[in-house]
>>> print(open('structure-v2.txt').read())   # compact mmCIF, C-alpha atoms and all ligand atoms
# COMPACT_ATOMS: atom_id res chain seq x y z
CA MET A 1 -11.19 -20.53 8.26
CA GLU A 2 -12.39 -17.52 10.21
CA TYR A 3 -11.32 -13.91 9.70
CA GLU A 4 -11.10 -11.55 12.65
CA GLY A 5 -11.99 -7.86 12.30
CA ILE A 6 -11.69 -5.93 9.05
CA VAL A 7 -9.49 -7.67 6.52
CA ILE A 8 -8.06 -5.40 3.85
CA ARG A 9 -5.99 -6.31 0.82
CA PRO A 10 -4.60 -4.46 -2.20
CA PRO A 11 -6.96 -4.30 -5.22
CA SER A 12 -4.56 -6.49 -7.21
CA GLU A 13 -5.07 -9.31 -4.68
CA ALA A 14 -8.81 -9.47 -5.37
CA GLU A 15 -8.56 -13.03 -6.64
CA SER A 16 -6.04 -14.24 -4.08
CA LEU A 17 -6.62 -16.54 -1.17
CA ILE A 18 -6.40 -14.22 1.84
CA LEU A 19 -4.68 -15.87 4.77
CA GLN A 20 -4.78 -13.86 7.99
CA VAL A 21 -1.44 -14.60 9.64
CA THR A 22 -1.33 -11.49 11.84
CA LEU A 23 -4.10 -9.45 13.41
CA GLY A 24 -3.93 -5.70 13.04
CA CYS A 25 -0.83 -3.62 12.39
CA SER A 26 2.29 -3.57 14.55
CA HIS A 27 2.72 0.17 13.94
CA ASN A 28 -0.93 1.28 14.10
CA GLN A 29 -0.05 4.95 14.53
CA CYS A 30 -0.55 6.61 11.17
CA THR A 31 -2.86 9.54 11.85
CA PHE A 32 -5.01 9.00 8.75
CA CYS A 33 -5.47 5.23 9.04
CA PRO A 34 -8.72 3.93 10.52
CA THR A 35 -8.23 0.26 9.72
CA TYR A 36 -6.95 -1.27 12.94
CA LYS A 37 -7.59 1.47 15.50
CA GLY A 38 -8.36 -0.03 18.90
CA ARG A 39 -7.06 -3.48 17.96
CA ARG A 40 -4.01 -5.04 19.56
CA PHE A 41 -1.48 -6.42 17.14
CA ARG A 42 -0.58 -10.07 17.34
CA ILE A 43 0.91 -12.79 15.23
CA LYS A 44 -1.30 -15.86 15.01
CA ASP A 45 -0.07 -19.14 16.49
CA PRO A 46 1.81 -21.23 13.91
CA GLU A 47 -0.42 -24.26 14.69
CA LEU A 48 -3.55 -22.22 13.95
CA ILE A 49 -2.06 -20.88 10.69
CA GLU A 50 -1.19 -24.42 9.57
CA LYS A 51 -4.65 -25.67 10.56
CA GLU A 52 -6.25 -22.92 8.46
CA ILE A 53 -4.01 -23.74 5.49
CA ASP A 54 -5.00 -27.42 5.87
CA GLU A 55 -8.68 -26.46 5.89
CA VAL A 56 -8.57 -24.26 2.81
CA ALA A 57 -5.97 -26.07 0.66
CA PRO A 58 -8.41 -28.74 -0.65
CA TYR A 59 -10.48 -25.95 -2.24
CA GLY A 60 -7.50 -25.00 -4.44
CA PRO A 61 -5.65 -24.65 -6.71
CA PHE A 62 -4.78 -21.13 -5.56
CA ARG A 63 -2.39 -19.27 -7.82
CA LYS A 64 -1.97 -16.34 -5.46
CA VAL A 65 -2.05 -16.04 -1.68
CA PHE A 66 -2.05 -12.77 0.26
CA LEU A 67 -0.81 -12.74 3.84
CA ALA A 68 -2.88 -10.28 5.92
CA ASP A 69 -3.14 -8.04 8.00
CA GLY A 70 -1.47 -4.64 8.00
CA ASP A 71 2.24 -5.42 7.89
CA ALA A 72 2.64 -9.18 8.08
CA LEU A 73 6.26 -8.83 6.95
CA ILE A 74 7.01 -7.94 10.58
CA ILE A 75 6.72 -11.67 11.39
CA PRO A 76 10.15 -12.88 12.54
CA GLN A 77 12.11 -14.55 9.76
CA PRO A 78 12.00 -18.18 10.99
CA LYS A 79 8.21 -18.04 11.46
CA LEU A 80 7.63 -16.39 8.09
CA LEU A 81 9.86 -18.93 6.37
CA SER A 82 7.86 -21.80 7.89
CA ILE A 83 4.54 -20.23 6.86
CA LEU A 84 5.80 -19.92 3.28
CA GLU A 85 7.22 -23.45 3.30
CA TYR A 86 3.92 -24.83 4.57
CA LEU A 87 2.02 -22.92 1.88
CA ASN A 88 4.38 -24.26 -0.79
CA LYS A 89 3.86 -27.79 0.50
CA LYS A 90 0.07 -27.69 0.85
CA VAL A 91 -1.34 -25.24 -1.70
CA SER A 92 -1.49 -26.56 -5.22
CA GLY A 93 -0.83 -24.20 -8.12
CA LEU A 94 0.83 -21.57 -5.88
CA ARG A 95 2.71 -19.03 -7.98
CA ARG A 96 2.99 -15.94 -5.80
CA VAL A 97 2.56 -14.80 -2.22
CA GLY A 98 1.92 -11.12 -1.49
CA ILE A 99 2.27 -9.17 1.75
CA TYR A 100 2.07 -5.65 3.20
CA GLY A 101 5.37 -4.42 4.60
CA ASN A 102 6.13 -1.06 6.17
CA ALA A 103 9.61 0.48 6.16
CA LYS A 104 10.37 -0.83 9.65
CA SER A 105 9.46 -4.43 8.87
CA ILE A 106 11.47 -4.36 5.64
CA LEU A 107 14.53 -2.80 7.26
CA ARG A 108 14.55 -5.44 9.99
CA LYS A 109 15.35 -8.03 7.33
CA SER A 110 18.60 -8.33 5.41
CA VAL A 111 18.63 -8.60 1.63
CA GLU A 112 19.70 -12.24 2.07
CA GLU A 113 16.69 -12.89 4.29
CA LEU A 114 14.39 -11.23 1.78
CA LYS A 115 15.94 -13.37 -0.96
CA ALA A 116 15.19 -16.47 1.12
CA LEU A 117 11.54 -15.38 1.28
CA LYS A 118 11.56 -14.79 -2.46
CA GLU A 119 12.87 -18.35 -3.01
CA ARG A 120 9.75 -19.52 -1.16
CA LYS A 121 7.51 -17.53 -3.53
CA LEU A 122 7.13 -14.23 -1.69
CA GLY A 123 6.68 -12.36 -4.97
CA ILE A 124 5.33 -8.93 -4.10
CA VAL A 125 5.56 -6.47 -1.21
CA TYR A 126 3.12 -3.57 -0.89
CA LEU A 127 4.69 -0.54 0.77
CA GLY A 128 2.67 2.47 1.91
CA VAL A 129 5.00 5.38 1.15
CA GLU A 130 2.21 8.00 1.42
CA THR A 131 4.46 11.05 0.89
CA GLY A 132 8.05 11.96 0.20
CA ASP A 133 7.91 15.08 2.33
CA PRO A 134 10.02 14.53 5.49
CA ALA A 135 7.97 16.87 7.69
CA LEU A 136 4.71 15.29 6.57
CA LEU A 137 6.00 11.77 7.16
CA GLU A 138 6.67 12.83 10.73
CA LYS A 139 3.35 14.64 11.09
CA ILE A 140 1.32 11.64 9.97
CA ARG A 141 3.41 9.40 12.29
CA LYS A 142 4.41 7.05 9.53
CA GLY A 143 7.24 5.68 11.65
CA ALA A 144 9.92 6.12 9.00
CA THR A 145 12.01 8.93 7.59
CA ARG A 146 12.26 9.65 3.89
CA GLU A 147 15.69 8.00 3.80
CA GLN A 148 14.42 4.87 5.55
CA MET A 149 11.49 4.65 3.16
CA VAL A 150 13.81 4.83 0.14
CA GLU A 151 16.20 2.29 1.64
CA ALA A 152 13.30 -0.08 2.40
CA GLY A 153 11.91 0.16 -1.13
CA ARG A 154 15.28 -0.39 -2.74
CA LYS A 155 15.99 -3.36 -0.50
CA ILE A 156 12.88 -5.16 -1.72
CA LYS A 157 13.95 -4.59 -5.32
CA GLU A 158 17.50 -5.70 -4.60
CA ALA A 159 16.10 -8.97 -3.29
CA GLY A 160 14.34 -9.46 -6.63
CA ILE A 161 10.87 -9.06 -5.13
CA THR A 162 8.29 -6.95 -6.98
CA LEU A 163 7.59 -3.68 -5.20
CA SER A 164 4.26 -1.89 -5.20
CA ALA A 165 4.26 1.56 -3.58
CA THR A 166 1.23 3.64 -2.67
CA VAL A 167 1.05 7.37 -2.08
CA LEU A 168 -1.80 9.44 -0.70
CA LEU A 169 -3.17 12.55 -2.44
CA GLY A 170 -4.39 15.24 -0.05
CA LEU A 171 -2.09 14.48 2.88
CA GLY A 172 -0.54 17.95 2.74
CA GLY A 173 -3.94 19.58 3.28
CA LEU A 174 -4.71 22.93 1.70
CA GLU A 175 -1.37 24.60 2.37
CA ALA A 176 1.19 21.92 1.57
CA GLY A 177 -0.45 20.09 -1.35
CA GLN A 178 2.09 20.98 -4.01
CA ARG A 179 5.05 20.56 -1.64
CA HIS A 180 3.72 17.09 -0.81
CA ALA A 181 3.21 16.24 -4.49
CA LEU A 182 6.69 17.36 -5.57
CA ALA A 183 8.38 15.50 -2.73
CA THR A 184 6.27 12.44 -3.50
CA ALA A 185 7.36 12.54 -7.13
CA THR A 186 11.00 12.56 -6.07
CA ILE A 187 10.66 9.76 -3.53
CA LEU A 188 8.88 7.61 -6.10
CA SER A 189 11.69 8.33 -8.57
CA ASP A 190 14.28 7.42 -5.95
CA ILE A 191 12.55 4.16 -5.06
CA ASP A 192 11.59 3.39 -8.68
CA PRO A 193 8.94 0.76 -7.81
CA ASP A 194 7.50 -1.74 -10.28
CA PHE A 195 3.97 -0.58 -9.43
CA ALA A 196 2.90 2.76 -7.99
CA SER A 197 -0.58 3.86 -7.07
CA ALA A 198 -1.96 7.15 -5.90
CA LEU A 199 -4.94 6.88 -3.57
CA THR A 200 -6.97 9.85 -2.38
CA LEU A 201 -7.17 10.67 1.31
CA MET A 202 -10.56 10.18 2.94
CA VAL A 203 -10.69 11.50 6.49
CA VAL A 204 -12.41 8.91 8.64
CA PRO A 205 -14.02 9.63 12.04
CA GLY A 206 -12.08 8.08 14.90
CA THR A 207 -8.68 8.88 13.41
CA PRO A 208 -6.29 11.53 14.80
CA LEU A 209 -6.49 13.29 11.43
CA HIS A 210 -10.25 13.64 11.82
CA GLU A 211 -9.68 15.27 15.21
CA GLU A 212 -7.22 17.69 13.55
CA MET A 213 -9.83 18.48 10.92
CA LYS A 214 -12.52 19.11 13.55
CA ALA A 215 -10.11 21.44 15.36
CA GLY A 216 -9.57 23.39 12.14
CA GLN A 217 -5.93 22.29 11.88
CA PHE A 218 -6.38 20.35 8.65
CA GLN A 219 -8.46 20.95 5.55
CA LEU A 220 -8.96 18.58 2.66
CA PRO A 221 -8.10 20.06 -0.74
CA SER A 222 -10.88 20.26 -3.35
CA PRO A 223 -11.17 17.47 -5.97
CA PHE A 224 -9.43 19.63 -8.58
CA GLU A 225 -6.63 20.55 -6.16
CA LEU A 226 -6.18 16.82 -5.53
CA LEU A 227 -5.99 16.25 -9.27
CA LYS A 228 -3.35 18.98 -9.53
CA GLU A 229 -1.32 17.00 -6.96
CA LEU A 230 -1.71 13.91 -9.11
CA GLY A 231 -0.58 15.89 -12.17
CA THR A 232 2.51 17.12 -10.31
CA ILE A 233 3.41 13.61 -9.18
CA VAL A 234 3.10 12.21 -12.70
CA ALA A 235 4.91 15.14 -14.35
CA HIS A 236 7.84 15.14 -11.94
CA SER A 237 8.42 11.45 -11.36
CA ASN A 238 10.88 9.44 -13.39
CA PHE A 239 10.40 5.71 -13.49
CA SER A 240 12.52 3.24 -15.38
CA ARG A 241 9.54 0.91 -15.79
CA CYS A 242 6.42 1.25 -13.70
CA TYR A 243 2.72 0.54 -13.93
CA PHE A 244 1.15 3.64 -12.42
CA THR A 245 -2.48 3.70 -11.33
CA SER A 246 -4.93 5.99 -9.64
CA ASN A 247 -7.93 3.75 -10.18
CA HIS A 248 -8.66 3.01 -6.51
CA ALA A 249 -12.26 3.70 -5.43
CA SER A 250 -11.09 6.75 -3.47
CA ASN A 251 -9.82 8.52 -6.60
CA TYR A 252 -11.68 11.13 -8.63
CA LEU A 253 -10.04 10.33 -11.97
CA PRO A 254 -9.12 6.72 -12.73
CA ILE A 255 -5.77 6.36 -14.47
CA LYS A 256 -3.81 3.33 -15.57
CA ALA A 257 -0.51 4.09 -17.26
CA ARG A 258 2.67 2.40 -18.31
CA MET A 259 5.54 4.68 -17.34
CA PRO A 260 7.53 6.28 -18.79
CA LYS A 261 5.73 5.62 -22.12
CA ASP A 262 2.36 7.15 -21.14
CA LYS A 263 3.66 10.01 -18.99
CA GLU A 264 3.04 12.87 -21.40
CA ALA A 265 -0.46 11.71 -22.31
CA VAL A 266 -1.43 11.33 -18.65
CA VAL A 267 -0.09 14.79 -17.74
CA LYS A 268 -2.11 16.30 -20.63
CA LEU A 269 -5.27 14.44 -19.61
CA ILE A 270 -5.01 15.62 -16.01
CA GLN A 271 -4.33 19.21 -17.10
CA LYS A 272 -7.37 19.09 -19.39
CA VAL A 273 -9.68 17.85 -16.63
CA VAL A 274 -8.29 20.35 -14.10
CA SER A 275 -8.70 23.31 -16.42
CA SER A 276 -12.24 22.25 -17.41
CA GLU A 277 -13.36 22.32 -13.73
CA ASP A 278 -16.13 20.01 -14.94
CA ARG A 279 -17.33 17.86 -12.01
CA SER A 280 -19.09 15.49 -14.41
CA LEU A 281 -15.65 14.26 -15.53
CA LEU A 282 -14.90 13.07 -11.98
CA ARG A 283 -16.05 10.00 -10.08
CA PRO A 284 -19.13 11.12 -8.11
CA GLU A 285 -18.74 11.34 -4.32
CA PHE A 286 -21.30 8.59 -3.70
CA LEU A 287 -19.18 6.14 -5.68
CA ARG A 288 -16.00 6.91 -3.77
CA GLY A 289 -14.88 4.65 -0.96
CA LEU A 290 -11.89 3.26 0.87
S1 LIG B 301 1.37 1.13 8.73
FE1 LIG B 301 -0.36 0.88 7.30
S2 LIG B 301 -1.88 -0.36 8.40
FE2 LIG B 301 -0.40 0.38 9.92
S3 LIG B 301 -1.33 2.26 10.75
FE3 LIG B 301 0.02 2.87 9.06
S4 LIG B 301 -1.29 2.92 7.22
FE4 LIG B 301 -2.39 1.76 8.83
>>> encode(input="structure-v2.txt", output="structure tokens", more="lines below")
Ligand code: SF4
Amino acid sequence: MEYEGIVIRPPSEAESLILQVTLGCSHNQCTFCPTYKGRRFRIKDPELIEKEIDEVAPYGPFRKVFLADGDALIIPQPKLLSILEYLNKKVSGLRRVGIYGNAKSILRKSVEELKALKERKLGIVYLGVETGDPALLEKIRKGATREQMVEAGRKIKEAGITLSATVLLGLGGLEAGQRHALATATILSDIDPDFASALTLMVVPGTPLHEEMKAGQFQLPSPFELLKELGTIVAHSNFSRCYFTSNHASNYLPIKARMPKDKEAVVKLIQKVVSSEDRSLLRPEFLRGL
């Protein structure tokens, strides 16, 4: 099995078999995202996908499979159903299939269609929410409004599929950091995902956001300002039951918390680190990465 280009997957899929069923991202317009820039999106031929499953299946059992690349949920329903059916038939020990889905790809499917995917072991969808601020969603060209994002997240949950949502600290720049954080707390509360993670923005050369930064139109907040955003998100979000993390390599302060139980303790910890202004309490820059 051969991978083409950069293959990314959520940290929680580290032990999964990664099956590249699409190449790139059908949206590919988010101003901060360097991953698939310059690559044309396409869905792999079904014969090739089945051939790759045939090749790798004997090395199993594989408990978890992740369908790459960027938003493989965009695959039309009949094709996606056959990929899942083939995986179920060929891969021994299969318990769960994971996939990235953006708001558009989720909203193109009905709850019934999502339930049909769930019956074939699609167990988790990773949704990049990034921010709850409507103006920022437009500015970063996320391709979805706040309302669409909420509807998409809720739809996944209604279908009984686990939802993991990510948000991005720093997107509001210097001026709109707290506005971004407050709006992000409310969108997370409205979606109420099973898993939520806050990543920290890293501005990568070659992205439109990097051009904005070079032109002086965007400035990254300081590490402690970014932590204040994280504190605001945690303090103002209300989850019924969520595993909240900020332990991605891009983050300055790794946090793993069961919400709502750990909320108060996490808010206090963040406040303590912010008021200390002690850089030694943060992940050093050389250890940060995407
Ligand atoms: S939808 Fe995801 S993968 Fe596609 S451009 Fe946006 S952030 Fe990147």
>>> closest_residue(input="structure-v2.txt", among="A:Tyr59, A:Leu199, A:Ser26, A:Asp190", to="Leu168 of chain A", atoms="only C-alpha atoms")
A:Leu199
>>> residues_near_point(input="structure-v2.txt", point="(3.7, -8.9, 2.6)", cutoff="8 Å", atoms="all atoms listed in the file", output="ChimeraX atom specification")
/A:66-68,71-73,97-101,122,124-126
>>> residues_near_ligand(input="structure-v2.txt", ligand="ligand LIG 301 (chain B)", cutoff="12 Å", atoms="only C-alpha atoms and all ligand atoms", output="MDAnalysis selection string")
chainID A and resid 6:10 22:41 68:74 99:106 126:131 137 140:144 165:168 201 207:208
>>> closest_residue(input="structure-v2.txt", among="A:Arg146, A:Lys64, A:Arg283, A:Arg258", to="Thr200 of chain A", atoms="all atoms listed in the file")
A:Arg283
>>> closest_residue(input="structure-v2.txt", among="A:Leu220, A:Ile270, A:Ile18, A:Ala159", to="Met202 of chain A", atoms="all atoms listed in the file")
A:Leu220
>>> residues_around(input="structure-v2.txt", residues="segment 174-181 of chain A", least_positions_apart="6", cutoff="10 Å", atoms="only C-alpha atoms", output="ChimeraX atom specification")
/A:130-137,167-168,187,218-222,225-226,228-234,236-237
>>> atom_distance(input="structure-v2.txt", atom1="atom CA of Lys51 of chain A", atom2="atom CA of Lys121 of chain A")
20.3 Å
>>> atom_distance(input="structure-v2.txt", atom1="atom CA of Gln20 of chain A", atom2="atom CA of Ile161 of chain A")
21.0 Å
>>> atom_distance(input="structure-v2.txt", atom1="atom CA of Ile75 of chain A", atom2="atom CA of Met1 of chain A")
20.2 Å
>>> residues_around(input="structure-v2.txt", residues="Pro260 of chain A", least_positions_apart="3", cutoff="7 Å", atoms="all atoms listed in the file", output="VMD selection string")
chain A and resid 239 to 241 263
>>> write_last_selection(input="structure-v2.txt", atoms="C-alpha atoms", output="short mmCIF file (atom, residue, chain, number, x, y, z; two decimals), in the coordinates of the input")
data_model
loop_
_atom_site.label_atom_id
_atom_site.label_comp_id
_atom_site.auth_asym_id
_atom_site.auth_seq_id
_atom_site.Cartn_x
_atom_site.Cartn_y
_atom_site.Cartn_z
CA PHE A 239 10.40 5.71 -13.49
CA SER A 240 12.52 3.24 -15.38
CA ARG A 241 9.54 0.91 -15.79
CA LYS A 263 3.66 10.01 -18.99
#
>>> residues_near_point(input="structure-v2.txt", point="(16.0, -15.9, -0.6)", cutoff="12 Å", atoms="all atoms listed in the file", output="PyMOL selection string")
chain A and resi 77+81+84+109-123+156+158-161
>>> axis_aligned_box(input="structure-v2.txt", around="segment 223-242 of chain A", padding_each_side="4 Å", output="AutoDock Vina command-line options")
--center_x 0.7 --center_y 10.7 --center_z -10.7 --size_x 31.7 --size_y 27.6 --size_z 18.3
>>> closest_residue(input="structure-v2.txt", among="A:Arg108, A:Asp262, A:Ala57, A:Gly216", to="Pro76 of chain A", atoms="all atoms listed in the file")
A:Arg108
>>> residues_around(input="structure-v2.txt", residues="Phe195 of chain A", least_positions_apart="3", cutoff="9 Å", atoms="only C-alpha atoms", output="PyMOL selection string")
chain A and resi 162-166+192+241-245
>>> closest_residue(input="structure-v2.txt", among="A:Ile53, A:Val273, A:Val150, A:Ile191", to="Glu2 of chain A", atoms="all atoms listed in the file")
A:Ile53
